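Student: Got a structure for you, questions after.
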Amino acid sequence: MVEPKECELKVKGMDCADCALNIEKAVSKIPGVKLAEVSFATSKLKVITETPQFDFGAVIQVIKSLGYSIEAEESGMTVTLKIEGMDCADESLIIEKKMKSLAGVKNFNINLMTQQIKISYDPAFISVQDMIKAVAETGMRASLVRAKAEKGRAWWKETLQMVFLFACGALIVLAFLSELLGVPHQSAKLIYGLAILIGIYYPAKMGFLALKTLTLNIRLLMTVGAIGAIFLGLWEEAALLVFIYSLGDVLEAYAVDKARGAIRALMELVPKEALVRRNGNEIILPTEEIGVGDVAIVRPGEKIPIDGRVIAGTSFVDQSSITGESIPVEKKIGNEVFAGTINQKGSLEINVTKKASDTTLARIIHSVEEAQAKKSSYQRFAERFGKYYTPAMFVLGISVAVIPPLFFGGDWQSYIYRGLVVFVVSCSCGLALSVPVSVVSATANSARNGVLFKGGAYLEAAQELRAIAFDKTGTLTIGRPVVTDVIAYDTLSEKELLVLAGSIESRSEHPIAEAIVRKAKEADVALLSIGDFEAMAGLGVKARVNGNLYFVGSSRLFIEKGISITQAQSEIFRFENEGKTAVLLGSEQRMLGILAVADKLRAETREAIETLKISGIKVVMLTGDNERTANAIASQAGVDEYLAELLPEDKVEAVKKLKERFGKVAMVGDGINDAPAMAVSDVGIAMGAAGTDVAIETGDIVLMSDDLSKIAYALRLSRRTIGNIRQNVIVSLAIITFLVPLALIGWIGLVPGLILNEASGLIAIVNALRLLR
């Protein structure tokens with residue numbers, strides 16, 4: 001069977017769904033292409049072929065013939081491989097060295113927690129098969145990651161390691177009993193020897209394969225320790241060493257697999273197949289074969305298989321898997337639904353708007369998997385520590401065994417034993433594994449609760465925050481303003497004022513404009529055609545109606561244009577003191593009327609802000625409203641400070657100044673209009689991202705719902721996570737600091753030293769798993 005090859009290209013200029021569809025169709029027609037899949041959200045094209053020596057250059061030529069181009073840094077091929085046996089930082093270091101030695105490998109990113117490596121390579125120099133063979137040379141096994149997630153196998157079925165472990169343990173018990181029953185010592189030694197041979201197979205294999213890449217890992221240390229014990233005639237201790245180490249290895253693998261299981265649990269939220277109506281027929285299809293435009297039929301109690309929009313039926317949907325909200329949400333015609341959520345009572349027909357690889361849940365899973373790439377300082381420390389610690393312990397162990405007998409007349413057997421103890425007390429993955437396990441556990445936990453951390457770096461940054469800046473509209477407020485008052489001047493009636501204002505604002509996408517248009521429609525007035533429409537950022541808009549030029553906007557706009565607002569000053573002050581926004585309408589000569597617009601605070605705003613203030617966070621509101629309106633809203637919300645009359649570009653400078661005053665600052669917004677201010681903050685927090693691809697991409701922390709209380713949850717989780725990591729780092733270093741000196745002065749033996757070492761590593765990993773709860 002031919003192993004499929006896969007490449008991934010980033011396409012420039014693919015700015016619409018139709019463009020993506022055209023590229024997909026054209027590439028699918030290339031002879032040898034088994035699957036072509038385009039993600040419009042990420043602008044990436046995935047191509048899979050089973051044809052040997054397939055020319056991926058043909059794909060690039062087809063893309064260019066359609067008028068698109070390939071981004072330079074992505075012009076090579078990319079492949080993601082699953083690495084079985086990569087369970088510790090030492091193994092990832094072996095893979096790293098092997099990849100660096102391969103010609104044609106441009107770049108790679110190793111994810112220990114998902115046991116995957118993403119490789120960018122030049123197919124002119126190296127093939128996927130070459131890379132798989134190179135991994136096999138390390139004693140590990142590589143395979144292509146399929147588009148369809150594989151169900152995780154039980155940890156004890158991964159290898160025969162468990163069988164070997166039980167056999168080793170049984171033989172040790174047999175040897176021990178035989179000695180008690182008076183069996184000759186040579187016979188018991190033979191049984192111990194057989195136990196050592198069986199138990200040492202896996203660690204010795206990985207240790208010596210690592211040595212081929214000039215890497216000293218903990219398995220090699222343990223193997224040398226066991227062999228050394230045999231040469232000293234300590235067969236019982238050698239057998240116990242092998243058994244205890246192998247047992248610790250299996251338990252650590254099980255514990256780490258629990259964290260990986262949290263990611264698999266997210267993947268399993270989506271049903272494997274769904275009932276689809278296509279060309280008038282109802283058929284059951286695998287989820288990954290459902291296309292945009294298909295109609296999915298979801299019965300009561302079933303999971304929704306794909307993102308889409310309801311076109312028939314009414315029901316309540318449990319969206320907790322996406323937003324973390326426990327209360328089911330009513331869904332009717334026109335509402336969005338998300339893959340992985342649960343339909344409760346009614347039957348729904350859903351028009352599919354995204355492929356399985358592009359759904360909101362798929363992007364959440366991708367973000368959780370990629371969280372390891374953006375590492376905290378603790379992750380970087382653990383990796384650097386592991387890189388130098390094992391070789392240092394190897395040198396120290398040899399030095400202890402050789403130098404005292406050679407130069408100071410020490411007893412060879414005694415000091416060789418001490419050197420072996422140094423080796424075995426160094427045999428733990430606890431520090432190297434506990435840190436990434438903490439990060440994956442925390443990010444998987446938060447994803448289940450509707451909060452998405454984009455990496456360990458942001459988990460760390462969040463717990464260092466001293467101030468949070470909130471955009472007002474759509475963040476502290478609901479984001480759906482309503483017109484509360486209409487005042488017309490001169491001979492203009494309120495209805496005529498609404499006609500003019502609604503007609504002009506119908507071209508604007510601003511929330512206030514939408515409120516005015518809604519009010520005009522509610523008044524049942526006919527909107528007029530307009531010309532020369534122009535939006536003036538932070539001020540308002542202008543347009544011509546029936547040949548006359550009109551302005552709609554803030555007081556600042558009218559003052560700049562030299563239009564008197566004296567007659568309306570008292571009403572403007574009144575509205576602003578009530579927390580309303582006064583929108584003025586006028587011609588080039590005079591002001592014609594005022595519309596007061598109010599946007600309600602979210603129900604949870606004041607409580608959420610109070611919680612943040614209690615935790616020591618300074619809360620600042622940023623708004624384009626004038627001083628009086630901003631002051632009224634700030635008082636209602638309970639923020640510490642506010643900055644008013646800010647143009648969009650002013651918010652960037654405001655965040656920079658807040659960073660100078662307070663240190664670490666977060667910016668909370670919708671991830672779209674606030675993207676520049678979020679980019680300059682230390683942590684950008686995007687709200688209401690369910691169904692919004694841009695917000696998911698923009699935020700460092702993403703709230704899938706519009707619930708402000710989730711910010712306090714995110715900060716608490718970040719503090720717990722970093723506290724958990726610190727505990728693990730301190731305990732791991734303390735055990736090393738305790739055991740190594742004891743080994744050097746001969747106060748601890750091989751077996752007790754290994755038991756304490758393995759126990760400390762396992763405790764650190766189990767402690768990290770607490771973050772899953």
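Here's how to read the names in the structure tokens: chain A, B, ... by the order shown, residue numbers from 1 in each chain, ligand numbers from 1 in the order shown.
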Do you know which residues are at most 8 Å from region 232-238 of chain A counting only C-alpha atoms, after dropping those on the same chain fewer than 6 positions away, and could you put them as a list in words?
Tutor: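 Final neighbour list, sorted by chain and number: Ile172, Lys189, Tyr192, Gly193, Ile196, Gly225, Ala226, Gln413, Tyr417, Leu750 and Val751 of chain A.
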Student: Would you kindly return, as an NGL selection string, each protein, DNA or RNA residue with an atom no farther than 12 Å from any atom of region 490-495 of chain A, considering only C-alpha atoms and excluding same-chain residues fewer than 2 positions away?
Tutor: :A and (485-488 or 497-502 or 519-527 or 567-568 or 585-586 or 590-595)
Student: When DSSP works through the backbone of this structure, what residues of region 641-766 of chain A end up as alpha helix (DSSP H), shown as a PyMOL selection string?
Tutor: chain A and resi 648-662+675-680+693-698+709-744+750-766
Student: Write out as a PyMOL selection string the residues lying within 9 Å of Val128 (chain A), counting only C-alpha atoms and excluding same-chain residues fewer than 3 positions away.
Tutor: chain A and resi 4-6+79+121+123+131-133+144
Student: Using only C-alpha atoms for the distances, tell me which of A:Ser376, A:Gln116, A:Thr475, A:Thr721 is nearest to Ser709 (chain A).
Tutor: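 Smallest separation from Ser709 (chain A) among the options: A:Thr475.
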Student: If we count only C-alpha atoms, what is near Ile342 (chain A) at a cut-off of 7 Å, once residues fewer than 4 positions away on the same chain are taken out, given as a ChimeraX atom specification?
Tutor: /A:301-304,317-319
Student: Can you pull out the residues contacting Ala253 (chain A)? Cut-off 7 Å, using only C-alpha atoms, and skip same-chain residues under 4 positions away; I want them as a PyMOL selection string.
Tutor: chain A and resi 87+249+257
Student: Could you pull the residues within 12 Å of Pro752 (chain A), counting only C-alpha atoms, minus those fewer than 3 positions along the same chain, as a compact mmCIF listing (two decimals) with N, CA and C atoms, in the first residue's frame?
Tutor:
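File written: around37.txt
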```
# COMPACT_ATOMS: atom_id res chain seq x y z
N GLU A 237 19.63 -5.75 43.26
CA GLU A 237 19.44 -4.30 43.10
C GLU A 237 19.28 -3.92 41.63
N LEU A 240 15.73 -4.80 40.64
CA LEU A 240 14.78 -3.85 41.22
C LEU A 240 14.87 -2.49 40.53
N LEU A 241 16.10 -2.07 40.18
CA LEU A 241 16.28 -0.81 39.46
C LEU A 241 15.48 -0.80 38.17
N ILE A 244 11.60 -0.87 38.93
CA ILE A 244 11.07 0.39 39.47
C ILE A 244 11.09 1.48 38.40
N TYR A 245 12.18 1.54 37.61
CA TYR A 245 12.24 2.56 36.56
C TYR A 245 11.14 2.32 35.51
N VAL A 421 24.72 5.42 41.74
CA VAL A 421 23.61 6.05 42.44
C VAL A 421 23.34 7.44 41.85
N VAL A 424 21.26 6.94 38.74
CA VAL A 424 19.85 6.56 38.88
C VAL A 424 19.02 7.64 39.55
N VAL A 425 19.61 8.48 40.41
CA VAL A 425 18.80 9.55 41.00
C VAL A 425 18.55 10.66 40.00
N LEU A 739 18.87 14.63 46.68
CA LEU A 739 19.35 13.29 46.35
C LEU A 739 20.80 13.25 45.86
N LEU A 742 23.37 13.39 48.63
CA LEU A 742 23.33 12.12 49.36
C LEU A 742 24.04 11.02 48.59
N ALA A 743 23.85 11.01 47.29
CA ALA A 743 24.52 10.00 46.45
C ALA A 743 26.04 10.21 46.46
N TRP A 747 25.31 8.19 51.21
CA TRP A 747 24.29 8.01 52.25
C TRP A 747 22.97 7.43 51.73
N ILE A 748 22.91 7.14 50.45
CA ILE A 748 21.67 6.57 49.89
C ILE A 748 22.05 5.50 48.85
N GLY A 749 21.24 4.44 48.80
CA GLY A 749 21.53 3.34 47.89
C GLY A 749 20.82 3.48 46.56
N ILE A 755 13.63 5.04 43.88
CA ILE A 755 12.22 5.12 44.33
C ILE A 755 11.86 6.57 44.65
N LEU A 756 12.71 7.27 45.40
CA LEU A 756 12.43 8.67 45.73
C LEU A 756 12.38 9.54 44.48
N ASN A 757 13.29 9.27 43.55
CA ASN A 757 13.36 10.07 42.33
C ASN A 757 12.13 9.87 41.46
N GLU A 758 11.76 8.59 41.24
CA GLU A 758 10.59 8.30 40.41
C GLU A 758 9.31 8.81 41.06
N ALA A 759 9.22 8.66 42.39
CA ALA A 759 8.02 9.12 43.10
C ALA A 759 7.87 10.63 42.97
```
Student: Of the candidates A:Gly479, A:Ile94, A:Leu431, A:Glu349, which one gets nearest to Ala734 (chain A) if we count only C-alpha atoms?
Tutor: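 Closest to Ala734 (chain A) of all the choices is A:Leu431.
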Student: Can you tell me which residues surround Leu209 (chain A) at a distance of at most 7 Å, considering only C-alpha atoms, apart from same-chain residues fewer than 4 positions away, and format the answer as an MDAnalysis selection string?
Tutor: chainID A and resid 138:139 205
Student: Taking the backbone alone, and naming residues the way the document does, which bits of region 348-445 of chain A are strand (DSSP E) by DSSP, as a list of chain:residue names?
Tutor: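 Output for region 348-445 of chain A, strand (DSSP E) only: A:Leu348, A:Glu349, A:Ile350, A:Asn351, A:Val352.
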Student: Mind dumping the selected residues with all heavy atoms as a PDB file, in the first residue's frame?
Tutor:
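Written out: again38.pdb:
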```
ATOM      1  N   LEU A 348     -33.926  20.230  13.938  1.00  0.00           N
ATOM      2  CA  LEU A 348     -33.375  21.381  13.221  1.00  0.00           C
ATOM      3  C   LEU A 348     -32.841  20.971  11.858  1.00  0.00           C
ATOM      4  O   LEU A 348     -32.268  19.883  11.701  1.00  0.00           O
ATOM      5  CB  LEU A 348     -32.223  22.016  14.022  1.00  0.00           C
ATOM      6  CG  LEU A 348     -32.549  22.656  15.373  1.00  0.00           C
ATOM      7  CD1 LEU A 348     -31.253  23.108  16.059  1.00  0.00           C
ATOM      8  CD2 LEU A 348     -33.495  23.834  15.215  1.00  0.00           C
ATOM      9  N   GLU A 349     -33.056  21.848  10.886  1.00  0.00           N
ATOM     10  CA  GLU A 349     -32.400  21.702   9.589  1.00  0.00           C
ATOM     11  C   GLU A 349     -31.406  22.849   9.462  1.00  0.00           C
ATOM     12  O   GLU A 349     -31.760  24.012   9.668  1.00  0.00           O
ATOM     13  CB  GLU A 349     -33.422  21.728   8.456  1.00  0.00           C
ATOM     14  CG  GLU A 349     -34.328  20.501   8.461  1.00  0.00           C
ATOM     15  CD  GLU A 349     -35.225  20.428   7.234  1.00  0.00           C
ATOM     16  OE1 GLU A 349     -34.956  21.185   6.258  1.00  0.00           O
ATOM     17  OE2 GLU A 349     -36.177  19.635   7.247  1.00  0.00           O
ATOM     18  N   ILE A 350     -30.159  22.495   9.152  1.00  0.00           N
ATOM     19  CA  ILE A 350     -29.062  23.469   9.213  1.00  0.00           C
ATOM     20  C   ILE A 350     -28.373  23.573   7.868  1.00  0.00           C
ATOM     21  O   ILE A 350     -27.925  22.557   7.305  1.00  0.00           O
ATOM     22  CB  ILE A 350     -28.040  23.036  10.295  1.00  0.00           C
ATOM     23  CG1 ILE A 350     -28.721  22.968  11.664  1.00  0.00           C
ATOM     24  CG2 ILE A 350     -26.845  23.973  10.321  1.00  0.00           C
ATOM     25  CD1 ILE A 350     -27.942  22.167  12.685  1.00  0.00           C
ATOM     26  N   ASN A 351     -28.300  24.796   7.350  1.00  0.00           N
ATOM     27  CA  ASN A 351     -27.535  25.048   6.138  1.00  0.00           C
ATOM     28  C   ASN A 351     -26.060  25.173   6.518  1.00  0.00           C
ATOM     29  O   ASN A 351     -25.663  26.035   7.300  1.00  0.00           O
ATOM     30  CB  ASN A 351     -28.009  26.344   5.464  1.00  0.00           C
ATOM     31  CG  ASN A 351     -27.234  26.637   4.193  1.00  0.00           C
ATOM     32  OD1 ASN A 351     -27.063  25.775   3.344  1.00  0.00           O
ATOM     33  ND2 ASN A 351     -26.745  27.863   4.076  1.00  0.00           N
ATOM     34  N   VAL A 352     -25.225  24.276   6.005  1.00  0.00           N
ATOM     35  CA  VAL A 352     -23.814  24.205   6.390  1.00  0.00           C
ATOM     36  C   VAL A 352     -23.047  25.398   5.830  1.00  0.00           C
ATOM     37  O   VAL A 352     -23.106  25.682   4.629  1.00  0.00           O
ATOM     38  CB  VAL A 352     -23.188  22.885   5.897  1.00  0.00           C
ATOM     39  CG1 VAL A 352     -21.701  22.829   6.237  1.00  0.00           C
ATOM     40  CG2 VAL A 352     -23.928  21.698   6.505  1.00  0.00           C
TER      41      VAL A 352
END
```
